[in-house]
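As provided, query.tsv (TSV, C-alpha atoms) reads as follows.
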chain	number	residue	atom	x	y	z
A	1	CYS	CA	-36.02	-2.71	26.69
A	2	PRO	CA	-37.32	-2.38	30.30
A	3	HIS	CA	-40.95	-2.54	29.14
A	4	TYR	CA	-40.45	-6.17	28.06
A	5	GLU	CA	-38.25	-7.37	30.91
A	6	SER	CA	-41.18	-9.06	32.70
A	7	GLN	CA	-42.18	-11.04	29.60
A	8	PRO	CA	-40.60	-14.31	28.43
A	9	PRO	CA	-37.85	-13.83	25.85
A	10	PHE	CA	-39.28	-12.79	22.47
A	11	GLU	CA	-42.86	-13.32	23.73
A	12	TRP	CA	-43.63	-9.83	22.52
A	13	VAL	CA	-42.34	-10.39	18.96
A	14	ARG	CA	-45.04	-10.18	16.31
A	15	SER	CA	-42.94	-9.60	13.17
A	16	THR	CA	-39.42	-10.55	12.15
A	17	LEU	CA	-37.26	-10.01	9.09
A	18	ALA	CA	-33.98	-11.81	8.54
A	19	VAL	CA	-31.44	-11.82	5.71
A	20	PRO	CA	-28.17	-13.77	5.45
A	21	VAL	CA	-24.71	-12.21	5.69
A	22	VAL	CA	-22.69	-13.76	2.87
A	23	VAL	CA	-18.90	-13.85	2.42
A	24	ALA	CA	-17.34	-15.53	-0.64
A	25	GLY	CA	-20.63	-17.24	-1.51
A	26	GLN	CA	-21.15	-18.68	1.96
A	27	ALA	CA	-23.57	-17.54	4.65
A	28	VAL	CA	-21.59	-16.60	7.75
A	29	GLY	CA	-24.35	-15.00	9.78
A	30	VAL	CA	-27.85	-13.57	9.84
A	31	LEU	CA	-28.99	-9.98	10.20
A	32	ASP	CA	-32.33	-10.13	12.02
A	33	VAL	CA	-34.75	-7.38	13.07
A	34	VAL	CA	-37.91	-7.87	15.11
A	35	SER	CA	-40.97	-5.82	15.99
A	36	GLN	CA	-43.89	-5.98	18.42
A	37	ASN	CA	-46.26	-4.97	15.60
A	38	VAL	CA	-47.99	-7.37	13.25
A	39	ALA	CA	-47.07	-7.10	9.55
A	40	GLU	CA	-44.43	-4.50	10.37
A	41	PHE	CA	-42.08	-5.10	7.44
A	42	TRP	CA	-42.52	-4.40	3.75
A	43	GLU	CA	-40.58	-5.37	0.66
A	44	ILE	CA	-38.62	-2.13	0.78
A	45	ASP	CA	-37.52	-3.01	4.33
A	46	GLU	CA	-36.14	-6.30	3.05
A	47	GLU	CA	-34.23	-4.48	0.33
A	48	GLN	CA	-32.73	-2.05	2.84
A	49	LEU	CA	-31.81	-4.83	5.25
A	50	SER	CA	-30.20	-6.79	2.40
A	51	LEU	CA	-28.05	-3.77	1.55
A	52	MET	CA	-26.92	-3.57	5.17
A	53	ALA	CA	-26.12	-7.30	5.19
A	54	ASP	CA	-24.13	-6.88	1.97
A	55	SER	CA	-22.10	-4.08	3.58
A	56	ILE	CA	-21.37	-6.28	6.58
A	57	GLY	CA	-20.34	-9.13	4.27
A	58	ILE	CA	-17.97	-6.84	2.36
A	59	ALA	CA	-16.41	-5.61	5.62
A	60	LEU	CA	-15.92	-9.19	6.83
A	61	ALA	CA	-14.38	-10.20	3.49
A	62	ARG	CA	-11.94	-7.28	3.69
A	63	SER	CA	-11.05	-8.25	7.24
A	64	GLN	CA	-10.30	-11.82	6.16
A	65	HIS	CA	-8.25	-10.52	3.23
A	66	ALA	CA	-6.31	-8.22	5.54
A	67	ARG	CA	-5.53	-11.14	7.85
A	68	ARG	CA	-4.31	-13.29	4.96
A	69	GLU	CA	-2.19	-10.41	3.65
A	70	ALA	CA	-0.71	-9.86	7.09
A	71	GLU	CA	0.27	-13.53	7.23
A	72	ARG	CA	1.78	-13.31	3.74
A	73	LEU	CA	3.66	-10.15	4.72
A	74	ARG	CA	5.07	-11.88	7.79
A	75	ASP	CA	6.37	-14.76	5.66
A	76	THR	CA	7.78	-12.40	3.03
A	77	LEU	CA	9.61	-10.26	5.56
A	78	TRP	CA	11.04	-13.26	7.36
A	79	HIS	CA	12.36	-14.56	4.04
A	80	ALA	CA	13.94	-11.18	3.27
A	81	VAL	CA	15.54	-10.86	6.71
A	82	SER	CA	17.08	-14.30	6.51
A	83	GLN	CA	18.73	-13.42	3.20
A	84	LEU	CA	19.97	-9.96	4.19
A	85	SER	CA	21.79	-11.39	7.19
A	86	ASP	CA	23.94	-13.48	4.85
A	87	CYS	CA	25.04	-10.57	2.63
A	88	ALA	CA	28.70	-9.54	2.78
A	89	SER	CA	28.49	-6.19	0.93
A	90	ILE	CA	26.16	-3.30	0.12
A	91	GLN	CA	25.87	-4.56	-3.46
A	92	GLU	CA	24.81	-8.02	-2.29
A	93	MET	CA	22.28	-6.48	0.06
A	94	PHE	CA	20.89	-4.32	-2.72
A	95	ASP	CA	20.66	-7.28	-5.09
A	96	THR	CA	18.63	-9.12	-2.44
A	97	ILE	CA	16.42	-6.09	-1.77
A	98	ALA	CA	15.81	-5.54	-5.48
A	99	ARG	CA	15.00	-9.20	-6.05
A	100	GLU	CA	12.42	-9.09	-3.26
A	101	ALA	CA	10.99	-5.81	-4.54
A	102	ARG	CA	10.56	-7.21	-8.02
A	103	SER	CA	9.27	-10.66	-7.11
A	104	HIS	CA	6.99	-9.77	-4.16
A	105	PHE	CA	5.99	-6.20	-4.94
A	106	GLY	CA	6.02	-6.30	-8.74
A	107	ALA	CA	8.50	-3.45	-9.32
A	108	ASP	CA	9.96	-3.21	-12.83
A	109	LEU	CA	12.88	-0.98	-11.82
A	110	VAL	CA	14.57	-0.48	-8.45
A	111	ALA	CA	17.01	2.25	-7.40
A	112	LEU	CA	18.70	2.84	-4.05
A	113	TYR	CA	20.35	6.13	-3.12
A	114	GLN	CA	22.66	5.87	-0.13
A	115	LEU	CA	22.92	9.01	1.98
A	116	ALA	CA	26.19	10.49	3.17
A	117	PRO	CA	26.48	10.03	6.97
A	118	GLY	CA	25.84	13.21	8.89
A	119	THR	CA	24.68	15.22	5.87
A	120	GLY	CA	21.80	13.25	4.40
A	121	TYR	CA	23.08	14.13	0.93
A	122	PRO	CA	22.38	11.44	-1.70
A	123	LEU	CA	25.48	9.69	-2.97
A	124	THR	CA	25.76	9.12	-6.70
A	125	PRO	CA	25.46	7.06	-8.68
A	126	PRO	CA	22.68	5.05	-7.05
A	127	LEU	CA	22.56	1.30	-7.05
A	128	PHE	CA	19.94	0.23	-9.56
A	129	THR	CA	18.61	-2.77	-11.38
A	130	GLY	CA	16.02	-3.57	-14.01
A	131	ASP	CA	15.63	-2.99	-17.72
A	132	PHE	CA	16.33	0.74	-17.75
A	133	HIS	CA	16.07	2.19	-21.25
A	134	HIS	CA	18.72	4.80	-20.46
A	135	PRO	CA	20.85	3.59	-17.54
A	136	ASP	CA	23.47	6.27	-18.19
A	137	ASP	CA	21.00	8.86	-16.87
A	138	LEU	CA	21.44	7.32	-13.42
A	139	ARG	CA	25.22	7.37	-13.67
A	140	GLN	CA	25.46	11.16	-13.81
A	141	SER	CA	28.00	12.57	-11.40
A	142	SER	CA	25.69	15.00	-9.58
A	143	ILE	CA	22.05	15.75	-8.83
A	144	PRO	CA	20.66	19.27	-9.43
A	145	GLU	CA	19.81	21.00	-6.14
A	146	ASP	CA	16.24	21.63	-7.32
A	147	SER	CA	15.68	17.97	-8.24
A	148	VAL	CA	12.48	16.40	-6.97
A	149	LEU	CA	14.68	13.96	-5.04
A	150	PHE	CA	15.59	16.71	-2.57
A	151	ASP	CA	11.93	17.60	-2.06
A	152	LEU	CA	11.18	13.98	-1.19
A	153	LEU	CA	14.21	13.79	1.10
A	154	GLU	CA	13.04	16.92	2.92
A	155	ARG	CA	9.64	15.35	3.58
A	156	TRP	CA	11.20	12.07	4.70
A	157	GLU	CA	8.01	10.05	4.49
A	158	PRO	CA	6.80	7.38	2.08
A	159	TYR	CA	5.36	8.80	-1.12
A	160	TYR	CA	3.23	6.92	-3.62
A	161	SER	CA	2.29	8.07	-7.08
A	162	PRO	CA	-0.12	5.92	-9.13
A	163	ASP	CA	0.16	8.29	-12.10
A	164	ALA	CA	3.65	9.75	-12.33
A	165	ALA	CA	3.04	11.55	-15.64
A	166	SER	CA	0.49	13.89	-14.08
A	167	ASP	CA	2.03	14.03	-10.61
A	168	LEU	CA	3.11	17.62	-9.93
A	169	THR	CA	5.40	16.51	-7.10
A	170	LEU	CA	7.37	14.13	-9.33
A	171	ARG	CA	7.47	16.61	-12.20
A	172	GLY	CA	9.40	19.01	-10.00
A	173	SER	CA	10.07	22.66	-10.69
A	174	GLY	CA	12.86	24.96	-11.72
A	175	GLU	CA	15.70	23.93	-14.01
A	176	ALA	CA	15.57	20.33	-12.86
A	177	ALA	CA	11.94	19.94	-13.91
A	178	THR	CA	12.95	19.24	-17.51
A	179	ALA	CA	15.33	16.50	-16.41
A	180	ASP	CA	12.79	14.96	-14.02
A	181	ILE	CA	10.02	14.95	-16.64
A	182	GLY	CA	12.44	13.64	-19.25
A	183	PHE	CA	13.43	10.73	-17.03
A	184	LEU	CA	9.78	9.77	-16.43
A	185	SER	CA	9.10	9.90	-20.15
A	186	ARG	CA	12.23	8.09	-21.35
A	187	GLU	CA	11.77	5.25	-18.85
A	188	ALA	CA	7.99	5.04	-19.44
A	189	VAL	CA	7.35	5.44	-15.72
A	190	ARG	CA	3.69	5.06	-14.73
A	191	SER	CA	3.79	4.61	-10.95
A	192	VAL	CA	6.38	5.18	-8.24
A	193	ALA	CA	6.88	4.27	-4.59
A	194	PHE	CA	9.43	6.33	-2.64
A	195	LEU	CA	10.53	4.65	0.60
A	196	PRO	CA	12.88	6.33	3.11
A	197	LEU	CA	15.26	4.00	4.90
A	198	GLY	CA	16.04	4.74	8.53
A	199	SER	CA	14.60	7.24	10.97
A	200	ARG	CA	14.43	10.99	10.40
A	201	SER	CA	17.39	11.43	12.74
A	202	GLU	CA	19.39	8.51	11.30
A	203	ARG	CA	18.80	8.58	7.56
A	204	VAL	CA	20.41	5.72	5.69
A	205	GLY	CA	19.07	5.89	2.15
A	206	VAL	CA	16.00	5.98	-0.07
A	207	LEU	CA	14.51	3.24	-2.17
A	208	PHE	CA	12.60	3.87	-5.39
A	209	LEU	CA	10.30	1.17	-6.77
A	210	ILE	CA	9.28	2.05	-10.31
A	211	TYR	CA	6.41	0.55	-12.29
A	212	ARG	CA	5.82	0.82	-16.02
A	213	ALA	CA	2.18	-0.18	-15.63
A	214	ARG	CA	-0.22	1.88	-13.54
A	215	ARG	CA	-0.38	0.66	-9.95
A	216	GLU	CA	-2.87	1.72	-7.33
A	217	PHE	CA	-1.27	1.50	-3.90
A	218	SER	CA	-3.85	0.13	-1.49
A	219	PRO	CA	-3.50	0.56	2.29
A	220	LEU	CA	-2.29	-3.05	2.43
A	221	ASP	CA	0.28	-2.37	-0.30
A	222	LYS	CA	1.59	0.59	1.66
A	223	LEU	CA	1.72	-1.40	4.87
A	224	SER	CA	3.71	-4.15	3.16
A	225	LEU	CA	6.11	-1.78	1.41
A	226	GLU	CA	6.80	0.29	4.52
A	227	ALA	CA	7.36	-2.80	6.63
A	228	PHE	CA	9.80	-4.06	3.99
A	229	ALA	CA	11.61	-0.71	3.95
A	230	GLY	CA	11.85	-0.83	7.73
A	231	LEU	CA	13.86	-4.02	7.47
A	232	VAL	CA	16.18	-2.66	4.83
Show this structure as structure tokens.
Amino acid sequence: CPHYESQPPFEWVRSTLAVPVVVAGQAVGVLDVVSQNVAEFWEIDEEQLSLMADSIGIALARSQHARREAERLRDTLWHAVSQLSDCASIQEMFDTIAREARSHFGADLVALYQLAPGTGYPLTPPLFTGDFHHPDDLRQSSIPEDSVLFDLLERWEPYYSPDAASDLTLRGSGEAATADIGFLSREAVRSVAFLPLGSRSERVGVLFLIYRARREFSPLDKLSLEAFAGLV
């Protein structure tokens, strides 16, 4: 403040209020406010300042968590890349992908639809793994044109559903809706991650990670899954 420039530092301070910024039970900083007036601060001011310090502590904790997750993601992806480079067939690659999806991302079921070059049409049957209750449903020779799969392919962007049973997108419409809903019910699907593989102009396939327990996909979860899909 220009009014105080001629005075020694903090010579004008008559009141001060400070509260610690705490992360994981440890003080990492101090939030301090000062005033030129005597007895400026009241108990309610301390409460408000403490709330601000708590918000800062939460933001710092999230930042540290994000950094740790980024480091974990880097290690996970490097491990996946090193294994994929050794695979000699699509089946071996899928087995590696599915193993990573189940061990690092907690998926119960994994399915991969390859897309026909030049058409983007999903080839059947998909490659799949996990304890499917009715695996024959995935071995059907064709996919109805109004299946929800085609809606997701048209969007060509990651899609996450924490509650598949009430998700109108996954329940589909038209004649295929009954089949889509039936699949979700028979396989006890609770949450789904749909991950396109390849660019919009060079579509390679789509990866489904299926969870039988409800899963909330945090921004960090999505970052990890999409980075993993980018490698595949």
Discussion item. Using only C-alpha atoms, list the residues that have an atom at most 9 Å from (-17.8, -12.8, 5.0), coordinates as in the file, as a ChimeraX atom specification.
Written reply: /A:21-29,56-64
Worksheet item: Do you have the CA of Asn37 in chain A-CA of Arg14 in chain A distance handy?
Response: 5.4 Å
Worksheet entry | Separation of CA of Leu73 in chain A from CA of Leu225 in chain A in Å |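 Going from CA of Leu225 in chain A over to CA of Leu73 in chain A, I get 9.3 Å.
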Practice prompt. Could you tell me which of A:Trp42, A:Tyr160, A:Phe128, A:Tyr121 comes closest to Pro144 in chain A if we count all atoms listed in the file?
Written response: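 So, comparing all the options, the nearest one is A:Tyr121.
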Practice prompt. Take the point (9.0, -3.3, -4.0) as written in the file and pick out every residue within 9 Å of it, counting all atoms listed in the file; give the list as JSON, numbers by chain.
Written response: {"A": [97, 98, 99, 100, 101, 102, 103, 104, 105, 106, 107, 108, 110, 193, 207, 208, 209, 210, 224, 225, 228, 229]}
File of the preceding selection, C-alpha atoms, as a PDB file, keeping the file's coordinate frame:
ATOM      1  CA  ILE A  97      16.420  -6.090  -1.770  1.00  0.00           C
ATOM      2  CA  ALA A  98      15.810  -5.540  -5.480  1.00  0.00           C
ATOM      3  CA  ARG A  99      15.000  -9.200  -6.050  1.00  0.00           C
ATOM      4  CA  GLU A 100      12.420  -9.090  -3.260  1.00  0.00           C
ATOM      5  CA  ALA A 101      10.990  -5.810  -4.540  1.00  0.00           C
ATOM      6  CA  ARG A 102      10.560  -7.210  -8.020  1.00  0.00           C
ATOM      7  CA  SER A 103       9.270 -10.660  -7.110  1.00  0.00           C
ATOM      8  CA  HIS A 104       6.990  -9.770  -4.160  1.00  0.00           C
ATOM      9  CA  PHE A 105       5.990  -6.200  -4.940  1.00  0.00           C
ATOM     10  CA  GLY A 106       6.020  -6.300  -8.740  1.00  0.00           C
ATOM     11  CA  ALA A 107       8.500  -3.450  -9.320  1.00  0.00           C
ATOM     12  CA  ASP A 108       9.960  -3.210 -12.830  1.00  0.00           C
ATOM     13  CA  VAL A 110      14.570  -0.480  -8.450  1.00  0.00           C
ATOM     14  CA  ALA A 193       6.880   4.270  -4.590  1.00  0.00           C
ATOM     15  CA  LEU A 207      14.510   3.240  -2.170  1.00  0.00           C
ATOM     16  CA  PHE A 208      12.600   3.870  -5.390  1.00  0.00           C
ATOM     17  CA  LEU A 209      10.300   1.170  -6.770  1.00  0.00           C
ATOM     18  CA  ILE A 210       9.280   2.050 -10.310  1.00  0.00           C
ATOM     19  CA  SER A 224       3.710  -4.150   3.160  1.00  0.00           C
ATOM     20  CA  LEU A 225       6.110  -1.780   1.410  1.00  0.00           C
ATOM     21  CA  PHE A 228       9.800  -4.060   3.990  1.00  0.00           C
ATOM     22  CA  ALA A 229      11.610  -0.710   3.950  1.00  0.00           C
TER      23      ALA A 229
END
Practice prompt. Calculate how many Å separate CA of Arg215 in chain A from CA of Gln140 in chain A, rounding to one decimal.
Written response: 28.2 Å
Worksheet item: Which of these residues is nearest to Ser199 in chain A, using all atoms listed in the file: A:Gly118, A:Gly230, A:Pro219, A:Pro162?
Response: A:Gly230
10 Å contact set for Phe150 in chain A, all atoms listed in the file, chain neighbours under 4 positions out, as a PDB file with C-alpha atoms, keeping the file's coordinate frame:
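Final output, selection.pdb:
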ATOM      1  CA  GLY A 120      21.800  13.250   4.400  1.00  0.00           C
ATOM      2  CA  TYR A 121      23.080  14.130   0.930  1.00  0.00           C
ATOM      3  CA  PRO A 122      22.380  11.440  -1.700  1.00  0.00           C
ATOM      4  CA  ILE A 143      22.050  15.750  -8.830  1.00  0.00           C
ATOM      5  CA  PRO A 144      20.660  19.270  -9.430  1.00  0.00           C
ATOM      6  CA  GLU A 145      19.810  21.000  -6.140  1.00  0.00           C
ATOM      7  CA  ASP A 146      16.240  21.630  -7.320  1.00  0.00           C
ATOM      8  CA  GLU A 154      13.040  16.920   2.920  1.00  0.00           C
ATOM      9  CA  ARG A 155       9.640  15.350   3.580  1.00  0.00           C
ATOM     10  CA  TRP A 156      11.200  12.070   4.700  1.00  0.00           C
ATOM     11  CA  GLY A 172       9.400  19.010 -10.000  1.00  0.00           C
TER      12      GLY A 172
END
Worksheet entry | Selection near Ser15 in chain A, 7 Å with all atoms listed in the file, sequence-local residues under 3 positions removed, as a PyMOL selection string | chain A and resi 34-40
Fill in: All residues 12 Å or closer to Glu43 in chain A, only C-alpha atoms, same chain fewer than 6 positions away omitted, as a PyMOL selection string
chain A and resi 17+49-50
